[in-house]
Amino acid sequence: MLREFVPALLLIPGLWAQTQTNAFEKAPPEVDAALRERITGFYQDHVDGKFRHAEIYVAEDTKDFYYTANKPTYLGFRIDSIVYSENFTRAKAIVVCKTRFNVPGFEDKPLDAPIPSAWKVENGEWFWYVDQNVGRETPFGRMRPANEAAQNRSLPSMAGAPTVESLWKSVQADKKSVQLNAHGSSSDQVTITNTMDGVVTLGLRAPQVAGLKIALDRTELKKGEQAKVTFAWEAAQHPIPPPFRVGVFIEPINLMIPILVQTE
């Protein structure tokens, strides 16, 4: 399932360490076309459930990592952006994948999730990879480089690793709904707190409603930090909307927090 796969494989913040590349430097057309073809093949295999075939797109040094991870099934995808580095032999891509989330209010509504991935050229072809030699922050805390673990002659036990459900509980909203005055200007807010080790990013999914402004004051939270979602309603000459839900999307734990908006 996707929720099991995310912490283990795709959403690894360490993939996005800063590089020396000029992000506006354009790749040669043939290089860009070759990478897009490989990215498309890799993610199409996940849409089709052909996970074994997708191995042809995985770098040799990442195959063991890929084999042991649970695999997602996406409903669709599109390539959002690509940033190249190291003379166009390395790249970081954002692929927006359509999937479903098993949370109240969103079960039957496929949503777009931005999935980061890293690619490198080996023997003239592009391959998906995860750098095993770079320590990185994950929902499970800081992972050590592989060579450091080797020096200690043992890998850390995963017996006490948190479950996906426990990770979801570590990012919480202080309430599940907001109440606005249908006949006058009013406002309300929801506070979201991160108690998990590591950093999470937040995104807002909200419909356009005349007279209502919905805003998220920050998109990144470290442990112990909070973000506020504010709802400001201007009643004048606007029809009263029926109750609806807004979603706050939390990465890398692939959590959607639904907020019910009501006007009375």
# chains A, B, ... in the order shown; residues from 1 in each chain; ligands from 1

$ residues_around --residues "A:His46" --least-positions-apart "3" --cutoff "7 Å" --atoms "only C-alpha atoms" --output "mmCIF file with N, CA and C atoms, in the first residue's frame"
data_model
loop_
_atom_site.group_PDB
_atom_site.id
_atom_site.type_symbol
_atom_site.label_atom_id
_atom_site.label_comp_id
_atom_site.auth_asym_id
_atom_site.auth_seq_id
_atom_site.Cartn_x
_atom_site.Cartn_y
_atom_site.Cartn_z
ATOM 1 N N PHE A 42 9.142 4.238 -15.605
ATOM 2 C CA PHE A 42 9.196 3.830 -14.211
ATOM 3 C C PHE A 42 7.841 4.012 -13.532
ATOM 4 N N TYR A 43 7.243 5.192 -13.693
ATOM 5 C CA TYR A 43 5.981 5.460 -13.018
ATOM 6 C C TYR A 43 4.805 4.772 -13.703
ATOM 7 N N GLY A 49 1.020 -1.665 -12.030
ATOM 8 C CA GLY A 49 1.304 -2.716 -11.064
ATOM 9 C C GLY A 49 2.412 -3.656 -11.513
ATOM 10 N N LYS A 50 3.243 -3.242 -12.460
ATOM 11 C CA LYS A 50 4.334 -4.081 -12.976
ATOM 12 C C LYS A 50 5.633 -3.731 -12.249
ATOM 13 N N PHE A 51 5.672 -4.057 -10.962
ATOM 14 C CA PHE A 51 6.798 -3.635 -10.126
ATOM 15 C C PHE A 51 8.096 -4.354 -10.492
ATOM 16 N N PRO A 72 3.815 1.114 -4.359
ATOM 17 C CA PRO A 72 2.507 1.758 -4.503
ATOM 18 C C PRO A 72 1.871 1.447 -5.840
ATOM 19 N N THR A 73 0.580 1.622 -5.921
ATOM 20 C CA THR A 73 -0.121 1.604 -7.198
ATOM 21 C C THR A 73 -0.759 2.974 -7.385
ATOM 22 N N TYR A 74 -0.342 3.683 -8.409
ATOM 23 C CA TYR A 74 -0.897 5.005 -8.679
ATOM 24 C C TYR A 74 -1.997 4.908 -9.730
#

$ residues_around --residues "A:Lys98" --least-positions-apart "5" --cutoff "6 Å" --atoms "only C-alpha atoms" --output "PyMOL selection string"
chain A and resi 74-77+111-112

$ write_last_selection --atoms "N, CA and C atoms" --output "PDB file, in the first residue's frame"
ATOM      1  N   TYR A  74      -0.342   3.683  -8.409  1.00  0.00           N
ATOM      2  CA  TYR A  74      -0.897   5.005  -8.679  1.00  0.00           C
ATOM      3  C   TYR A  74      -1.997   4.908  -9.730  1.00  0.00           C
ATOM      4  N   LEU A  75      -2.887   5.887  -9.739  1.00  0.00           N
ATOM      5  CA  LEU A  75      -3.957   5.946 -10.733  1.00  0.00           C
ATOM      6  C   LEU A  75      -3.522   6.705 -11.976  1.00  0.00           C
ATOM      7  N   GLY A  76      -2.496   7.509 -11.843  1.00  0.00           N
ATOM      8  CA  GLY A  76      -1.970   8.293 -12.950  1.00  0.00           C
ATOM      9  C   GLY A  76      -0.829   9.152 -12.442  1.00  0.00           C
ATOM     10  N   PHE A  77      -0.156   9.859 -13.351  1.00  0.00           N
ATOM     11  CA  PHE A  77       0.983  10.693 -12.952  1.00  0.00           C
ATOM     12  C   PHE A  77       1.283  11.705 -14.055  1.00  0.00           C
ATOM     13  N   LEU A 111      -6.392  12.175  -5.170  1.00  0.00           N
ATOM     14  CA  LEU A 111      -5.676  13.432  -4.973  1.00  0.00           C
ATOM     15  C   LEU A 111      -4.301  13.359  -5.599  1.00  0.00           C
ATOM     16  N   ASP A 112      -3.751  14.511  -5.922  1.00  0.00           N
ATOM     17  CA  ASP A 112      -2.409  14.587  -6.491  1.00  0.00           C
ATOM     18  C   ASP A 112      -1.383  14.730  -5.384  1.00  0.00           C
TER      19      ASP A 112
END

$ atom_distance --atom1 "atom CA of A:Leu260" --atom2 "atom CA of A:Lys175"
9.5 Å

$ atom_distance --atom1 "atom CA of A:Tyr84" --atom2 "atom CA of A:Cys97"
20.9 Å

$ residues_around --residues "A:Pro28" --least-positions-apart "2" --cutoff "12 Å" --atoms "only C-alpha atoms" --output "list in words"
Glu25, Lys26, Glu30, Val31, Asp32, Ala33, Ala34, Leu35, Tyr84, Asn87, Phe88 and Thr89 of chain A

$ write_last_selection --atoms "N, CA and C atoms" --output "CSV table (one decimal), in the first residue's frame"
chain,number,residue,atom,x,y,z
A,25,GLU,N,19.5,26.5,-15.9
A,25,GLU,CA,20.3,26.0,-17.0
A,25,GLU,C,19.5,24.9,-17.7
A,26,LYS,N,19.3,25.0,-19.0
A,26,LYS,CA,18.5,24.1,-19.7
A,26,LYS,C,19.3,22.9,-20.2
A,30,GLU,N,18.0,16.3,-26.3
A,30,GLU,CA,18.0,14.8,-26.3
A,30,GLU,C,18.2,14.2,-24.9
A,31,VAL,N,18.9,15.0,-24.0
A,31,VAL,CA,19.1,14.5,-22.7
A,31,VAL,C,17.8,14.6,-21.9
A,32,ASP,N,17.1,15.7,-22.0
A,32,ASP,CA,15.8,15.9,-21.4
A,32,ASP,C,14.8,14.8,-21.8
A,33,ALA,N,14.8,14.6,-23.1
A,33,ALA,CA,13.8,13.6,-23.7
A,33,ALA,C,14.1,12.2,-23.2
A,34,ALA,N,15.4,11.9,-23.1
A,34,ALA,CA,15.8,10.5,-22.6
A,34,ALA,C,15.4,10.3,-21.1
A,35,LEU,N,15.6,11.3,-20.3
A,35,LEU,CA,15.2,11.2,-18.9
A,35,LEU,C,13.7,11.1,-18.8
A,84,TYR,N,18.6,19.6,-13.2
A,84,TYR,CA,19.8,18.8,-13.6
A,84,TYR,C,21.0,19.3,-12.8
A,87,ASN,N,26.8,18.4,-14.8
A,87,ASN,CA,26.9,18.3,-16.3
A,87,ASN,C,25.9,17.4,-16.9
A,88,PHE,N,24.6,17.5,-16.3
A,88,PHE,CA,23.5,16.8,-16.9
A,88,PHE,C,23.6,15.3,-16.7
A,89,THR,N,24.3,14.8,-15.7
A,89,THR,CA,24.4,13.4,-15.4
A,89,THR,C,23.6,13.0,-14.1

$ closest_residue --among "A:His53, A:Arg205, A:Lys92, A:Lys223" --to "A:Pro258" --atoms "only C-alpha atoms"
A:Arg205

$ closest_atom_pairs --of "stretch 166-231 of chain A" --to "stretch 242-251 of chain A" --cutoff "8 Å" --atoms "only C-alpha atoms" --output "tab-separated table"
residue	atom	partner	partner_atom	distance
A:Val200	CA	A:Glu251	CA	5.5
A:Thr201	CA	A:Glu251	CA	5.2
A:Leu202	CA	A:Ile250	CA	4.8
A:Gly203	CA	A:Phe249	CA	4.9
A:Leu204	CA	A:Val248	CA	4.8
A:Arg205	CA	A:Gly247	CA	4.9
A:Ala206	CA	A:Val246	CA	4.9
A:Pro207	CA	A:Val246	CA	7.4

$ write_last_selection --atoms "N, CA and C atoms" --output "short mmCIF file (atom, residue, chain, number, x, y, z; two decimals), in the first residue's frame"
data_model
loop_
_atom_site.label_atom_id
_atom_site.label_comp_id
_atom_site.auth_asym_id
_atom_site.auth_seq_id
_atom_site.Cartn_x
_atom_site.Cartn_y
_atom_site.Cartn_z
N VAL A 200 8.43 18.05 8.51
CA VAL A 200 7.33 17.73 7.61
C VAL A 200 6.98 18.98 6.80
N THR A 201 6.44 18.76 5.62
CA THR A 201 5.97 19.86 4.78
C THR A 201 4.46 19.78 4.65
N LEU A 202 3.82 20.94 4.52
CA LEU A 202 2.37 21.03 4.49
C LEU A 202 1.91 21.66 3.19
N GLY A 203 0.81 21.15 2.67
CA GLY A 203 0.16 21.73 1.50
C GLY A 203 -1.33 21.81 1.73
N LEU A 204 -1.98 22.77 1.12
CA LEU A 204 -3.41 23.01 1.34
C LEU A 204 -4.21 22.63 0.10
N ARG A 205 -5.27 21.87 0.31
CA ARG A 205 -6.21 21.53 -0.76
C ARG A 205 -7.56 22.11 -0.37
N ALA A 206 -7.99 23.16 -1.07
CA ALA A 206 -9.23 23.85 -0.69
C ALA A 206 -9.96 24.33 -1.93
N PRO A 207 -11.27 24.20 -1.96
CA PRO A 207 -12.05 24.71 -3.11
C PRO A 207 -12.13 26.23 -3.06
#

$ closest_residue --among "A:Leu167, A:Ile39, A:Met196, A:Ala59" --to "A:Asn254" --atoms "only C-alpha atoms"
A:Leu167

$ closest_residue --among "A:Met256, A:Ile240, A:Ala215, A:Ala113" --to "A:Ala182" --atoms "only C-alpha atoms"
A:Ile240

$ atom_distance --atom1 "atom CA of A:Glu37" --atom2 "atom CA of A:Pro252"
25.9 Å

$ closest_residue --among "A:Ile257, A:Glu122, A:Glu86, A:Ile192" --to "A:Val229" --atoms "only C-alpha atoms"
A:Ile192

$ closest_residue --among "A:Val199, A:Val83, A:Ile94, A:Ala54" --to "A:Tyr67" --atoms "only C-alpha atoms"
A:Ala54
